Structures are given as structure tokens and as C-alpha cells.
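K.L.:
Take a look at entry_39.pdb, PDB, C-alpha atoms:
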```
MODEL        1
ATOM      1  CA  ASP A   1     120.806-198.343-205.175
ATOM      2  CA  GLN A   2     117.375-199.720-206.032
ATOM      3  CA  GLY A   3     118.616-201.246-209.286
ATOM      4  CA  ALA A   4     121.493-203.050-207.583
ATOM      5  CA  GLY A   5     119.097-204.370-204.954
ATOM      6  CA  MET A   6     116.813-205.657-207.685
ATOM      7  CA  TRP A   7     119.679-207.514-209.372
ATOM      8  CA  CYS A   8     120.644-209.012-206.008
ATOM      9  CA  VAL A   9     117.117-210.341-205.569
ATOM     10  CA  ILE A  10     117.126-211.813-209.080
ATOM     11  CA  GLY A  11     120.503-213.420-208.410
ATOM     12  CA  ILE A  12     119.394-214.830-205.053
ATOM     13  CA  LEU A  13     116.245-216.331-206.571
ATOM     14  CA  ALA A  14     118.289-217.890-209.376
ATOM     15  CA  ALA A  15     120.786-219.282-206.834
ATOM     16  CA  LEU A  16     118.000-220.769-204.716
ATOM     17  CA  HIS A  17     116.495-222.387-207.799
ATOM     18  CA  ALA A  18     119.887-223.850-208.744
ATOM     19  CA  ARG A  19     120.476-225.084-205.203
ATOM     20  CA  ALA A  20     117.105-226.834-205.171
ATOM     21  CA  ALA A  21     118.078-228.626-208.385
ATOM     22  CA  THR A  22     121.732-229.405-207.627
ATOM     23  CA  GLY A  23     122.124-229.143-203.854
ATOM     24  CA  VAL A  24     125.009-226.733-204.382
ATOM     25  CA  GLY A  25     124.961-223.136-203.171
ATOM     26  CA  THR A  26     126.676-220.130-204.725
ATOM     27  CA  VAL A  27     127.874-216.615-203.928
ATOM     28  CA  VAL A  28     125.748-213.845-205.487
ATOM     29  CA  ASP A  29     127.545-210.585-206.146
ATOM     30  CA  THR A  30     126.812-207.270-207.869
ATOM     31  CA  SER A  31     127.665-203.588-207.450
ATOM     32  CA  LEU A  32     126.307-200.115-208.114
ATOM     33  CA  TYR A  33     128.900-199.726-210.871
ATOM     34  CA  GLU A  34     127.821-202.872-212.690
ATOM     35  CA  THR A  35     124.189-201.845-212.387
ATOM     36  CA  ALA A  36     124.871-198.416-213.891
ATOM     37  CA  VAL A  37     126.825-199.927-216.796
ATOM     38  CA  ALA A  38     124.091-202.507-217.384
ATOM     39  CA  TRP A  39     121.613-199.702-218.173
ATOM     40  CA  LEU A  40     123.773-198.631-221.154
ATOM     41  CA  PRO A  41     123.826-201.693-223.433
ATOM     42  CA  ALA A  42     122.575-199.951-226.591
ATOM     43  CA  GLN A  43     124.846-196.937-226.174
ATOM     44  CA  ILE A  44     127.971-199.024-225.569
ATOM     45  CA  ALA A  45     127.122-201.421-228.426
ATOM     46  CA  THR A  46     126.623-198.424-230.748
ATOM     47  CA  MET A  47     129.980-196.965-229.736
ATOM     48  CA  ASN A  48     131.767-200.295-230.258
ATOM     49  CA  ALA A  49     130.159-200.790-233.665
ATOM     50  CA  SER A  50     130.675-197.253-234.964
ATOM     51  CA  GLY A  51     133.879-196.251-233.227
ATOM     52  CA  ARG A  52     132.222-192.976-232.202
ATOM     53  CA  VAL A  53     131.160-191.833-228.752
ATOM     54  CA  PRO A  54     127.384-191.202-228.827
ATOM     55  CA  GLY A  55     126.399-187.606-228.112
ATOM     56  CA  LYS A  56     123.682-186.398-225.800
ATOM     57  CA  ILE A  57     120.234-186.628-227.381
ATOM     58  CA  GLY A  58     117.926-185.806-224.471
ATOM     59  CA  THR A  59     114.605-187.631-224.702
ATOM     60  CA  GLU A  60     115.301-188.996-228.191
ATOM     61  CA  ASN A  61     116.019-192.564-229.253
ATOM     62  CA  ALA A  62     119.265-192.850-231.192
ATOM     63  CA  GLY A  63     117.927-195.464-233.596
ATOM     64  CA  MET A  64     114.381-194.203-234.269
ATOM     65  CA  ALA A  65     112.715-190.960-235.332
ATOM     66  CA  PRO A  66     110.470-189.244-234.557
ATOM     67  CA  TYR A  67     110.827-190.474-230.984
ATOM     68  CA  ARG A  68     111.122-187.754-228.334
ATOM     69  CA  ALA A  69     109.287-185.253-226.162
ATOM     70  CA  TYR A  70     107.777-182.289-228.016
ATOM     71  CA  GLN A  71     106.444-179.067-226.543
ATOM     72  CA  ALA A  72     102.728-178.531-227.018
ATOM     73  CA  ALA A  73     100.769-175.381-226.228
ATOM     74  CA  ASP A  74     100.236-176.354-222.594
ATOM     75  CA  GLY A  75     102.915-178.920-221.794
ATOM     76  CA  TRP A  76     105.118-181.647-223.220
ATOM     77  CA  ILE A  77     104.226-184.929-224.888
ATOM     78  CA  VAL A  78     106.348-187.864-226.041
ATOM     79  CA  ILE A  79     105.602-189.069-229.572
ATOM     80  CA  ALA A  80     107.014-192.422-230.691
ATOM     81  CA  ALA A  81     106.424-193.140-234.380
ATOM     82  CA  ALA A  82     109.184-195.701-234.684
ATOM     83  CA  ASN A  83     108.426-197.363-238.034
ATOM     84  CA  ASN A  84     106.936-196.551-241.420
ATOM     85  CA  ASN A  85     103.446-197.669-240.457
ATOM     86  CA  LEU A  86     103.388-195.503-237.334
ATOM     87  CA  PHE A  87     104.944-192.576-239.175
ATOM     88  CA  ALA A  88     102.196-192.732-241.806
ATOM     89  CA  ARG A  89      99.599-192.696-239.027
ATOM     90  CA  LEU A  90     101.337-189.722-237.433
ATOM     91  CA  CYS A  91     101.164-187.849-240.728
ATOM     92  CA  GLN A  92      97.451-188.655-240.881
ATOM     93  CA  ALA A  93      96.756-187.517-237.327
ATOM     94  CA  LEU A  94      98.657-184.244-237.750
ATOM     95  CA  ASP A  95      97.306-183.656-241.279
ATOM     96  CA  ARG A  96     100.752-183.602-242.859
ATOM     97  CA  PRO A  97     100.451-185.930-245.916
ATOM     98  CA  GLU A  98     103.382-184.135-247.577
ATOM     99  CA  TRP A  99     105.777-185.751-245.094
ATOM    100  CA  LEU A 100     105.033-189.126-246.705
ATOM    101  CA  THR A 101     106.451-187.993-250.058
ATOM    102  CA  ASP A 102     109.428-186.178-248.579
ATOM    103  CA  LEU A 103     112.484-188.269-249.459
ATOM    104  CA  ARG A 104     114.154-187.190-246.220
ATOM    105  CA  PHE A 105     111.470-189.057-244.294
ATOM    106  CA  GLU A 106     110.837-192.116-246.490
ATOM    107  CA  SER A 107     112.357-194.666-244.075
ATOM    108  CA  ASN A 108     113.394-194.853-240.460
ATOM    109  CA  GLU A 109     117.037-194.703-241.550
ATOM    110  CA  SER A 110     116.486-191.502-243.517
ATOM    111  CA  ARG A 111     114.382-190.029-240.710
ATOM    112  CA  VAL A 112     117.196-190.688-238.231
ATOM    113  CA  ILE A 113     119.724-189.072-240.591
ATOM    114  CA  ASN A 114     117.427-186.074-241.028
ATOM    115  CA  ARG A 115     116.157-186.027-237.444
ATOM    116  CA  ILE A 116     116.853-182.297-236.981
ATOM    117  CA  ALA A 117     114.583-181.315-239.875
ATOM    118  CA  LEU A 118     111.979-183.901-238.897
ATOM    119  CA  ASN A 119     111.918-182.888-235.258
ATOM    120  CA  GLN A 120     111.530-179.258-236.236
ATOM    121  CA  ALA A 121     108.633-180.126-238.542
ATOM    122  CA  VAL A 122     106.842-182.093-235.823
ATOM    123  CA  ALA A 123     107.591-179.416-233.224
ATOM    124  CA  ASP A 124     106.173-176.673-235.450
ATOM    125  CA  CYS A 125     103.046-178.764-235.929
ATOM    126  CA  VAL A 126     102.293-179.586-232.298
ATOM    127  CA  ILE A 127     103.311-176.340-230.566
ATOM    128  CA  ALA A 128      99.915-174.771-231.270
ATOM    129  CA  ARG A 129      97.932-177.791-230.044
ATOM    130  CA  SER A 130      97.099-178.835-226.502
ATOM    131  CA  VAL A 131      98.521-182.015-225.016
ATOM    132  CA  ASP A 132      94.995-183.439-224.764
ATOM    133  CA  TRP A 133      94.291-182.732-228.441
ATOM    134  CA  ILE A 134      97.530-184.368-229.566
ATOM    135  CA  GLN A 135      97.034-187.358-227.295
ATOM    136  CA  GLN A 136      93.491-187.969-228.518
ATOM    137  CA  ALA A 137      94.499-187.557-232.164
ATOM    138  CA  LEU A 138      97.384-190.000-231.861
ATOM    139  CA  ASP A 139      95.417-192.477-229.752
ATOM    140  CA  ALA A 140      92.749-192.534-232.453
ATOM    141  CA  VAL A 141      95.248-193.821-235.045
ATOM    142  CA  GLY A 142      97.341-195.966-232.693
ATOM    143  CA  VAL A 143     100.533-193.900-232.479
ATOM    144  CA  PRO A 144     102.288-194.424-229.116
ATOM    145  CA  ASN A 145     102.418-191.243-227.066
ATOM    146  CA  ALA A 146     102.452-190.071-223.475
ATOM    147  CA  PRO A 147     102.201-186.688-221.771
ATOM    148  CA  VAL A 148     105.165-185.628-219.645
ATOM    149  CA  LYS A 149     103.621-185.139-216.206
ATOM    150  CA  SER A 150     104.766-183.318-213.114
ATOM    151  CA  LEU A 151     104.928-185.329-209.905
ATOM    152  CA  ASP A 152     101.625-183.942-208.583
ATOM    153  CA  GLN A 153      99.960-184.890-211.868
ATOM    154  CA  VAL A 154     101.334-188.421-211.565
ATOM    155  CA  VAL A 155      99.892-188.780-208.059
ATOM    156  CA  ALA A 156      96.539-187.318-209.161
ATOM    157  CA  ASP A 157      96.230-189.666-212.163
ATOM    158  CA  PRO A 158      93.303-192.120-211.848
ATOM    159  CA  GLN A 159      95.620-195.018-212.735
ATOM    160  CA  PHE A 160      97.822-194.148-209.760
ATOM    161  CA  ALA A 161      94.822-194.483-207.425
ATOM    162  CA  ALA A 162      93.518-197.596-209.195
ATOM    163  CA  LEU A 163      96.821-199.415-208.666
ATOM    164  CA  GLY A 164      96.824-198.667-204.936
ATOM    165  CA  ILE A 165     100.592-198.297-205.035
ATOM    166  CA  LEU A 166     100.577-195.515-202.418
ATOM    167  CA  GLN A 167     100.043-197.591-199.307
ATOM    168  CA  PRO A 168      99.141-196.782-195.699
ATOM    169  CA  VAL A 169     101.594-197.887-193.030
ATOM    170  CA  ALA A 170     100.395-200.050-190.155
ATOM    171  CA  ASP A 171     101.994-197.834-187.505
ATOM    172  CA  GLY A 172     100.155-194.738-188.735
ATOM    173  CA  GLY A 173     103.069-193.048-190.482
ATOM    174  CA  ARG A 174     102.852-191.215-193.788
ATOM    175  CA  PRO A 175     101.754-193.351-196.761
ATOM    176  CA  LEU A 176     104.659-194.660-198.838
ATOM    177  CA  ILE A 177     105.111-196.144-202.297
ATOM    178  CA  GLY A 178     104.684-199.917-202.110
ATOM    179  CA  LEU A 179     106.343-202.663-204.109
ATOM    180  CA  PRO A 180     105.653-202.460-207.865
ATOM    181  CA  ILE A 181     104.579-206.114-207.973
ATOM    182  CA  SER A 182     101.462-208.050-206.961
ATOM    183  CA  PHE A 183     100.834-211.715-206.180
ATOM    184  CA  ASP A 184      97.424-213.072-207.225
ATOM    185  CA  GLY A 185      96.295-209.477-207.510
ATOM    186  CA  ASN A 186      97.520-208.473-204.041
ATOM    187  CA  ARG A 187     100.365-206.076-203.374
ATOM    188  CA  PRO A 188     102.499-206.988-200.329
ATOM    189  CA  PRO A 189     101.574-204.494-197.563
ATOM    190  CA  LEU A 190     104.059-202.175-195.915
ATOM    191  CA  ARG A 191     104.849-203.195-192.337
ATOM    192  CA  THR A 192     106.402-200.116-190.739
ATOM    193  CA  SER A 193     107.484-196.560-191.415
ATOM    194  CA  SER A 194     111.156-195.666-191.726
ATOM    195  CA  PRO A 195     112.811-195.656-188.268
ATOM    196  CA  LYS A 196     113.322-192.359-186.474
ATOM    197  CA  LEU A 197     116.868-191.095-185.997
ATOM    198  CA  GLY A 198     118.591-193.390-183.503
ATOM    199  CA  GLU A 199     115.564-195.692-183.130
ATOM    200  CA  ALA A 200     117.467-198.783-184.305
ATOM    201  CA  ASN A 201     120.642-198.136-182.321
ATOM    202  CA  ALA A 202     119.777-200.722-179.657
ATOM    203  CA  LEU A 203     119.288-203.366-182.330
ATOM    204  CA  LEU A 204     122.836-202.702-183.514
ATOM    205  CA  GLY A 205     124.346-202.931-180.037
ATOM    206  CA  MET A 206     124.731-199.164-179.891
ATOM    207  CA  ALA A 207     122.297-198.358-177.073
ATOM    208  CA  GLY A 208     123.287-195.151-175.351
ATOM    209  CA  GLY A 209     125.584-194.082-178.179
ATOM    210  CA  ASP A 210     125.386-190.911-180.209
ATOM    211  CA  ASP A 211     122.515-190.747-182.685
ATOM    212  CA  ASP A 212     124.920-189.917-185.501
TER     213      ASP A 212
ENDMDL
END
```
Let's see the structure in the file written out as C-alpha cells.
P.N.:
Amino acid sequence: DQGAGMWCVIGILAALHARAATGVGTVVDTSLYETAVAWLPAQIATMNASGRVPGKIGTENAGMAPYRAYQAADGWIVIAAANNNLFARLCQALDRPEWLTDLRFESNESRVINRIALNQAVADCVIARSVDWIQQALDAVGVPNAPVKSLDQVVADPQFAALGILQPVADGGRPLIGLPISFDGNRPPLRTSSPKLGEANALLGMAGGDDD
């Protein structure tokens, strides 16, 4: 629903821009189905090119390895060493220089082909370490990574508070997530809470009708 709404907004803005230039309006149309399909470009392109239906790979990336969530001693962390340079840095951070001379792991192509063995090797290495230790070690050598957080951890993260994305509502209702966009550093404020059941009936010409 949110994705289709976003595409509608993009289409409307493009149509307004075109109208300003040409004086001609247009009909903007999308659907939930189109939006869902649009989130699968790589998977569909892979299927068309290979003739095979891609299988389920969880948090992995079909074209890069290692690139997935791994279980640490106290949680999960995503590690994304998507090229030879990053893979070499990963080997350095995890103290596994032997991976660099393993022919199964010499290129991204070979790592993808041998992803099961590679993922097991990385998993065996990180399972005894804490998420914080892994994150600090990978940050130090520039390997992209991110802890997998629960919702309460997301809300408690300092970046969440710094962004001010949880906004108060003018009518005193519960704070809600605001728009993920700012203009000149200012996020558009929320105007009202969600209406109570039946509150908008009169606006729809349904005053006195059933609330359902």
C-alpha cells in the first residue's frame, strides 16, 4: 500500500512537471500488483537470463557472497563483503588469511558457487563472538555490516532519536512515525491522529449511519 502510494506521488509530480512545460495533463495510474512486481527486477531478470526459477535464499544476495545475516554469540549481524577487496578485509578482521588462498573463494563468482562452504566458514568464525565485537572489527577495516535489531532496539537507537522521526501529534494523540523526508532540514509535522471509529462518517455524508 505504501509503495503504491509512493509511486503515485512520483507519477503525479512528473505529470505536473510535464504539464507546466507542455500545458497538457495526463492520467497517472498504478496498482498494488505493479508495485509488488517492481520490487523483483533482479530476480525476474535472473530467471529470464538463466531459464531457472530462483530459489529462496533468505537474507542472502544471489549475486554476491558472503552477503547475509550470520548468528553471533548474542544476536545476528549482516556481513556484506561483496568484492575481492572487501573479502580480503573480512579475512583480515576475522583472522582467517587462509581463506585468501582457498581456490573456492578466489573471486566473487567462485564464492557464489561455493556459498554453502563459505557461509559455514564465516558462521563458524562469528558464532563465538559478540555482535559488538564483530561490528567494531569490521568497521575498523571498512567492511559493510549491520546488526539485526528488534523493534525496541530500533526505537532505542540514538540515531532514531536524532532523526526525530517519531513525532508528536498536535491533538495530543500517541506519537507516530513521520514522513521519511525533510525540506531544508525540517520534517513536515503531523497534523492529526488517526480518526476514531465513525469519526469521519459525517464528512462522507453518512451521519447517523452504522459505524461499520
K.L.:
Between atom CA of Arg174 of chain A and atom CA of Ser193 of chain A, measure the distance and give it in Å to one decimal.
P.N.:
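Here the two named atoms are 7.5 Å from each other.
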K.L.:
If you apply the PyMOL selection byres ((chain A and resi 143-151) around 7) to this file, what residues do you get, as a list in words?
P.N.:
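Taken over the shown coordinates, the PyMOL selection byres ((chain A and resi 143-151) around 7) returns Trp76, Ile77, Val78, Ile79, Ala80, Ala81, Leu86, Arg89, Leu90, Val131, Gln135, Leu138, Asp139, Val141, Gly142, Asp152, Gln153, Val154 and Val155 of chain A.
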K.L.:
Hey, what's within 8 Å of segment 101-114 of chain A if we count all atoms listed in the file and toss same-chain stuff fewer than 2 positions away? As a compact mmCIF listing (two decimals) with C-alpha atoms, keeping the file's coordinate frame, please?
P.N.:
```txt
# COMPACT_ATOMS: atom_id res chain seq x y z
CA ALA A 62 119.26 -192.85 -231.19
CA GLY A 63 117.93 -195.46 -233.60
CA MET A 64 114.38 -194.20 -234.27
CA ALA A 65 112.72 -190.96 -235.33
CA PRO A 66 110.47 -189.24 -234.56
CA ALA A 82 109.18 -195.70 -234.68
CA ASN A 83 108.43 -197.36 -238.03
CA ASN A 84 106.94 -196.55 -241.42
CA PRO A 97 100.45 -185.93 -245.92
CA GLU A 98 103.38 -184.14 -247.58
CA TRP A 99 105.78 -185.75 -245.09
CA ILE A 116 116.85 -182.30 -236.98
CA ALA A 117 114.58 -181.32 -239.88
CA LEU A 118 111.98 -183.90 -238.90
```
K.L.:
Expand the PyMOL selection byres ((chain A and resi 177) around 12) into the explicit residue set it covers here, and present it as a PDB file with C-alpha atoms, in the coordinates of the input.
P.N.:
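Resulting contents of expr-v7.pdb:
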```
ATOM      1  CA  VAL A 155      99.892-188.780-208.059  1.00  0.00           C
ATOM      2  CA  PHE A 160      97.822-194.148-209.760  1.00  0.00           C
ATOM      3  CA  ALA A 161      94.822-194.483-207.425  1.00  0.00           C
ATOM      4  CA  LEU A 163      96.821-199.415-208.666  1.00  0.00           C
ATOM      5  CA  GLY A 164      96.824-198.667-204.936  1.00  0.00           C
ATOM      6  CA  ILE A 165     100.592-198.297-205.035  1.00  0.00           C
ATOM      7  CA  LEU A 166     100.577-195.515-202.418  1.00  0.00           C
ATOM      8  CA  GLN A 167     100.043-197.591-199.307  1.00  0.00           C
ATOM      9  CA  PRO A 168      99.141-196.782-195.699  1.00  0.00           C
ATOM     10  CA  VAL A 169     101.594-197.887-193.030  1.00  0.00           C
ATOM     11  CA  ARG A 174     102.852-191.215-193.788  1.00  0.00           C
ATOM     12  CA  PRO A 175     101.754-193.351-196.761  1.00  0.00           C
ATOM     13  CA  LEU A 176     104.659-194.660-198.838  1.00  0.00           C
ATOM     14  CA  GLY A 178     104.684-199.917-202.110  1.00  0.00           C
ATOM     15  CA  LEU A 179     106.343-202.663-204.109  1.00  0.00           C
ATOM     16  CA  PRO A 180     105.653-202.460-207.865  1.00  0.00           C
ATOM     17  CA  ILE A 181     104.579-206.114-207.973  1.00  0.00           C
ATOM     18  CA  ARG A 187     100.365-206.076-203.374  1.00  0.00           C
ATOM     19  CA  PRO A 188     102.499-206.988-200.329  1.00  0.00           C
ATOM     20  CA  PRO A 189     101.574-204.494-197.563  1.00  0.00           C
ATOM     21  CA  LEU A 190     104.059-202.175-195.915  1.00  0.00           C
ATOM     22  CA  SER A 193     107.484-196.560-191.415  1.00  0.00           C
TER      23      SER A 193
END
```
K.L.:
On this file, the PyMOL selection byres ((chain A and resi 5-21) around 12) gives some set of residues; write that set as a PyMOL selection string.
P.N.:
chain A and resi 1-4+22-32+34-36+38-39+179-180
K.L.:
Return the padded bounding box of segment 74-91 of chain A as AutoDock Vina command-line options: axis-aligned, built from all atoms listed in the file, 6 Å added on each side, with centre and edge lengths in Å to one decimal.
P.N.:
```
--center_x 104.4 --center_y -187.0 --center_z -231.8 --size_x 21.6 --size_y 33.3 --size_z 32.0
```
K.L.:
By how many Å are atom CA of Leu40 of chain A and atom CA of Arg115 of chain A apart?
P.N.:
22.0 Å
K.L.:
What does the distance from atom CA of Asp132 of chain A to atom CA of Asp74 of chain A come to in Å, to one decimal?
P.N.:
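Going from atom CA of Asp132 of chain A over to atom CA of Asp74 of chain A covers 9.1 Å.
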K.L.:
Where atoms are absent from segment 5-17 of chain A, fill them in so it carries N, CA and C atoms, then output it as a short mmCIF file (atom, residue, chain, number, x, y, z; two decimals), in the frame of the given file.
P.N.:
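File produced: part24.cif:
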```cif
data_model
loop_
_atom_site.label_atom_id
_atom_site.label_comp_id
_atom_site.auth_asym_id
_atom_site.auth_seq_id
_atom_site.Cartn_x
_atom_site.Cartn_y
_atom_site.Cartn_z
N GLY A 5 119.88 -203.49 -205.82
CA GLY A 5 119.10 -204.37 -204.95
C GLY A 5 118.23 -205.32 -205.74
N MET A 6 117.65 -204.81 -206.84
CA MET A 6 116.81 -205.66 -207.68
C MET A 6 117.63 -206.80 -208.30
N TRP A 7 118.84 -206.47 -208.79
CA TRP A 7 119.68 -207.51 -209.37
C TRP A 7 120.09 -208.53 -208.32
N CYS A 8 120.32 -208.07 -207.08
CA CYS A 8 120.64 -209.01 -206.01
C CYS A 8 119.50 -209.99 -205.79
N VAL A 9 118.28 -209.47 -205.76
CA VAL A 9 117.12 -210.34 -205.57
C VAL A 9 117.01 -211.35 -206.70
N ILE A 10 117.19 -210.90 -207.94
CA ILE A 10 117.13 -211.81 -209.08
C ILE A 10 118.21 -212.88 -208.96
N GLY A 11 119.41 -212.46 -208.57
CA GLY A 11 120.50 -213.42 -208.41
C GLY A 11 120.24 -214.42 -207.30
N ILE A 12 119.70 -213.94 -206.18
CA ILE A 12 119.39 -214.83 -205.05
C ILE A 12 118.33 -215.86 -205.45
N LEU A 13 117.30 -215.41 -206.14
CA LEU A 13 116.24 -216.33 -206.57
C LEU A 13 116.80 -217.38 -207.54
N ALA A 14 117.68 -216.94 -208.45
CA ALA A 14 118.29 -217.89 -209.38
C ALA A 14 119.17 -218.88 -208.62
N ALA A 15 119.92 -218.40 -207.61
CA ALA A 15 120.79 -219.28 -206.83
C ALA A 15 119.98 -220.29 -206.03
N LEU A 16 118.86 -219.85 -205.46
CA LEU A 16 118.00 -220.77 -204.72
C LEU A 16 117.42 -221.85 -205.63
N HIS A 17 117.03 -221.43 -206.84
CA HIS A 17 116.50 -222.39 -207.80
C HIS A 17 117.57 -223.42 -208.17
#
```
